[in-house]
Amino acid sequence: MIEALISSKTRIKLLLKFFLNSSNRAYLRGLEEEFGESTNAIRLELNKLEQVGMITSDVQGNKKFFKANTKHPLFFDLNSIIRKYIGIDTIIENVINQLGEVERVYLTGEFARGLDNNVIDLELIGIVNTNYLADLIKKAEPLVKRKIRYVIYSPEEYTEVKDKQEKLLIWSR
């Protein structure tokens, strides 16, 4: 869907990287490694996005770091488009809102890092009927055209989890 609107695959990757998780920061060589694309293609797109004020940059040492400009008038619109592109809104509407006692849901894995993937990884915190959740996930996967993996923690268990994995809160009660 988004590919029909934005023809540059590099630009789509950059929008995903910076506008899904606004705390993501990256520099040119790091993006080259993550995307597997030439620095020239990435640099051209970064310059365009920076010129229109959608991303900002700051220099630390000899590296120029980029991040989303959350004050840009289109930031929340782009964030919403990216969430729809991934399928987060569909998951919340068709799965999370129907579960009942879920306190929080985190996006983890590649998407939390701002990288596209065929699998959406979620952490659910709350009391969940796993059989009902599995049925809802099975119905939601064709809608988002991605596999959905999940881990469930009770609120007590979650306070004990001390992983270093990057997470993005996508829903809370």
# chains A, B, ... in the order shown; residues from 1 in each chain; ligands from 1
>>> residues_around(residues="range 119-126 of chain A", least_positions_apart="3", cutoff="6 Å", atoms="only C-alpha atoms", output="list of chain:residue names")
A:Glu101, A:Val102, A:Glu103, A:Arg104, A:Val105, A:Tyr106, A:Leu107, A:Thr108, A:Gly109, A:Arg146, A:Lys147, A:Ile148, A:Arg149, A:Tyr150, A:Val151, A:Ile152, A:Tyr153, A:Ser154, A:Pro155
>>> residues_around(residues="Arg29 in chain A", least_positions_apart="6", cutoff="12 Å", atoms="only C-alpha atoms", output="number ranges by chain")
A: 35-43, 62-66
>>> closest_residue(among="A:Val59, A:Leu115, A:Leu74, A:Ile81", to="Lys13 in chain A", atoms="only C-alpha atoms")
A:Leu115
>>> atom_distance(atom1="CA of Gly30 in chain A", atom2="CA of Lys17 in chain A")
11.9 Å
>>> closest_residue(among="A:Ala112, A:Ser8, A:Leu78, A:Gly100", to="Gln165 in chain A", atoms="only C-alpha atoms")
A:Ala112
>>> atom_distance(atom1="CA of Asn47 in chain A", atom2="CA of Glu32 in chain A")
14.9 Å
>>> select_by_dssp(residues="range 2-167 of chain A", states="strand (DSSP E or B)", output="ChimeraX atom specification")
/A:26-27,55-60,63-68,101-108,119-127,147-153
>>> select_by_dssp(residues="range 72-102 of chain A", states="helix (DSSP H, G or I)", output="number ranges by chain")
A: 75-86, 88-94, 96-98
>>> write_last_selection(atoms="N, CA, C and O atoms", output="PDB file, in the first residue's frame")
ATOM      1  N   PHE A  75       4.260  15.049  11.782  1.00  0.00           N
ATOM      2  CA  PHE A  75       4.829  13.929  12.533  1.00  0.00           C
ATOM      3  C   PHE A  75       3.759  12.913  12.930  1.00  0.00           C
ATOM      4  O   PHE A  75       3.899  11.711  12.668  1.00  0.00           O
ATOM      5  N   PHE A  76       2.695  13.345  13.564  1.00  0.00           N
ATOM      6  CA  PHE A  76       1.685  12.404  14.055  1.00  0.00           C
ATOM      7  C   PHE A  76       0.941  11.736  12.899  1.00  0.00           C
ATOM      8  O   PHE A  76       0.565  10.569  12.990  1.00  0.00           O
ATOM      9  N   ASP A  77       0.768  12.452  11.795  1.00  0.00           N
ATOM     10  CA  ASP A  77       0.144  11.852  10.624  1.00  0.00           C
ATOM     11  C   ASP A  77       1.031  10.747  10.042  1.00  0.00           C
ATOM     12  O   ASP A  77       0.546   9.665   9.706  1.00  0.00           O
ATOM     13  N   LEU A  78       2.327  11.020   9.924  1.00  0.00           N
ATOM     14  CA  LEU A  78       3.254  10.001   9.422  1.00  0.00           C
ATOM     15  C   LEU A  78       3.353   8.808  10.369  1.00  0.00           C
ATOM     16  O   LEU A  78       3.389   7.660   9.931  1.00  0.00           O
ATOM     17  N   ASN A  79       3.364   9.079  11.658  1.00  0.00           N
ATOM     18  CA  ASN A  79       3.387   8.010  12.647  1.00  0.00           C
ATOM     19  C   ASN A  79       2.151   7.124  12.477  1.00  0.00           C
ATOM     20  O   ASN A  79       2.246   5.901  12.488  1.00  0.00           O
ATOM     21  N   SER A  80       1.004   7.742  12.276  1.00  0.00           N
ATOM     22  CA  SER A  80      -0.235   6.995  12.084  1.00  0.00           C
ATOM     23  C   SER A  80      -0.200   6.166  10.802  1.00  0.00           C
ATOM     24  O   SER A  80      -0.623   5.006  10.787  1.00  0.00           O
ATOM     25  N   ILE A  81       0.316   6.740   9.727  1.00  0.00           N
ATOM     26  CA  ILE A  81       0.423   6.009   8.460  1.00  0.00           C
ATOM     27  C   ILE A  81       1.346   4.806   8.619  1.00  0.00           C
ATOM     28  O   ILE A  81       1.035   3.701   8.162  1.00  0.00           O
ATOM     29  N   ILE A  82       2.477   4.993   9.269  1.00  0.00           N
ATOM     30  CA  ILE A  82       3.431   3.902   9.475  1.00  0.00           C
ATOM     31  C   ILE A  82       2.806   2.808  10.347  1.00  0.00           C
ATOM     32  O   ILE A  82       2.964   1.614  10.076  1.00  0.00           O
ATOM     33  N   ARG A  83       2.081   3.193  11.391  1.00  0.00           N
ATOM     34  CA  ARG A  83       1.415   2.206  12.252  1.00  0.00           C
ATOM     35  C   ARG A  83       0.390   1.402  11.455  1.00  0.00           C
ATOM     36  O   ARG A  83       0.256   0.197  11.639  1.00  0.00           O
ATOM     37  N   LYS A  84      -0.330   2.079  10.572  1.00  0.00           N
ATOM     38  CA  LYS A  84      -1.300   1.381   9.725  1.00  0.00           C
ATOM     39  C   LYS A  84      -0.586   0.470   8.732  1.00  0.00           C
ATOM     40  O   LYS A  84      -1.042  -0.650   8.461  1.00  0.00           O
ATOM     41  N   TYR A  85       0.517   0.927   8.165  1.00  0.00           N
ATOM     42  CA  TYR A  85       1.297   0.141   7.214  1.00  0.00           C
ATOM     43  C   TYR A  85       1.759  -1.175   7.857  1.00  0.00           C
ATOM     44  O   TYR A  85       1.668  -2.244   7.256  1.00  0.00           O
ATOM     45  N   ILE A  86       2.228  -1.100   9.064  1.00  0.00           N
ATOM     46  CA  ILE A  86       2.687  -2.295   9.772  1.00  0.00           C
ATOM     47  C   ILE A  86       1.512  -3.175  10.195  1.00  0.00           C
ATOM     48  O   ILE A  86       1.591  -4.381  10.182  1.00  0.00           O
ATOM     49  N   ILE A  88      -0.315  -2.270  13.163  1.00  0.00           N
ATOM     50  CA  ILE A  88      -0.484  -2.103  14.612  1.00  0.00           C
ATOM     51  C   ILE A  88      -1.917  -1.710  14.946  1.00  0.00           C
ATOM     52  O   ILE A  88      -2.505  -2.256  15.878  1.00  0.00           O
ATOM     53  N   ASP A  89      -2.494  -0.783  14.189  1.00  0.00           N
ATOM     54  CA  ASP A  89      -3.863  -0.357  14.470  1.00  0.00           C
ATOM     55  C   ASP A  89      -4.845  -1.517  14.328  1.00  0.00           C
ATOM     56  O   ASP A  89      -5.771  -1.661  15.127  1.00  0.00           O
ATOM     57  N   THR A  90      -4.631  -2.364  13.325  1.00  0.00           N
ATOM     58  CA  THR A  90      -5.491  -3.534  13.126  1.00  0.00           C
ATOM     59  C   THR A  90      -5.349  -4.513  14.288  1.00  0.00           C
ATOM     60  O   THR A  90      -6.336  -5.067  14.771  1.00  0.00           O
ATOM     61  N   ILE A  91      -4.125  -4.710  14.754  1.00  0.00           N
ATOM     62  CA  ILE A  91      -3.895  -5.621  15.889  1.00  0.00           C
ATOM     63  C   ILE A  91      -4.590  -5.094  17.136  1.00  0.00           C
ATOM     64  O   ILE A  91      -5.247  -5.843  17.856  1.00  0.00           O
ATOM     65  N   ILE A  92      -4.466  -3.807  17.386  1.00  0.00           N
ATOM     66  CA  ILE A  92      -5.104  -3.227  18.571  1.00  0.00           C
ATOM     67  C   ILE A  92      -6.618  -3.357  18.475  1.00  0.00           C
ATOM     68  O   ILE A  92      -7.280  -3.772  19.423  1.00  0.00           O
ATOM     69  N   GLU A  93      -7.149  -3.048  17.312  1.00  0.00           N
ATOM     70  CA  GLU A  93      -8.600  -3.079  17.132  1.00  0.00           C
ATOM     71  C   GLU A  93      -9.156  -4.500  17.185  1.00  0.00           C
ATOM     72  O   GLU A  93     -10.173  -4.754  17.817  1.00  0.00           O
ATOM     73  N   ASN A  94      -8.490  -5.439  16.524  1.00  0.00           N
ATOM     74  CA  ASN A  94      -9.023  -6.794  16.390  1.00  0.00           C
ATOM     75  C   ASN A  94      -8.544  -7.780  17.436  1.00  0.00           C
ATOM     76  O   ASN A  94      -9.113  -8.856  17.561  1.00  0.00           O
ATOM     77  N   ILE A  96      -6.192  -6.756  20.764  1.00  0.00           N
ATOM     78  CA  ILE A  96      -5.979  -6.233  22.107  1.00  0.00           C
ATOM     79  C   ILE A  96      -7.275  -5.747  22.743  1.00  0.00           C
ATOM     80  O   ILE A  96      -7.569  -6.067  23.897  1.00  0.00           O
ATOM     81  N   ASN A  97      -8.063  -4.983  22.015  1.00  0.00           N
ATOM     82  CA  ASN A  97      -9.306  -4.435  22.579  1.00  0.00           C
ATOM     83  C   ASN A  97     -10.317  -5.514  22.936  1.00  0.00           C
ATOM     84  O   ASN A  97     -11.254  -5.252  23.674  1.00  0.00           O
ATOM     85  N   GLN A  98     -10.150  -6.729  22.429  1.00  0.00           N
ATOM     86  CA  GLN A  98     -11.107  -7.797  22.709  1.00  0.00           C
ATOM     87  C   GLN A  98     -10.646  -8.755  23.796  1.00  0.00           C
ATOM     88  O   GLN A  98     -11.365  -9.669  24.156  1.00  0.00           O
TER      89      GLN A  98
END
>>> atom_distance(atom1="CA of Leu14 in chain A", atom2="CA of Lys167 in chain A")
18.5 Å
>>> closest_residue(among="A:Leu49, A:Ile127, A:Val144, A:Leu99", to="Glu157 in chain A", atoms="only C-alpha atoms")
A:Ile127
>>> closest_residue(among="A:Lys139, A:Val52, A:Ile6, A:Ser57", to="His72 in chain A", atoms="only C-alpha atoms")
A:Val52
>>> closest_residue(among="A:Asn131, A:Gln60, A:Thr159, A:Asn69", to="Tyr27 in chain A", atoms="only C-alpha atoms")
A:Gln60
>>> closest_residue(among="A:Lys48, A:Lys67, A:Arg113, A:Lys145", to="Glu166 in chain A", atoms="only C-alpha atoms")
A:Arg113
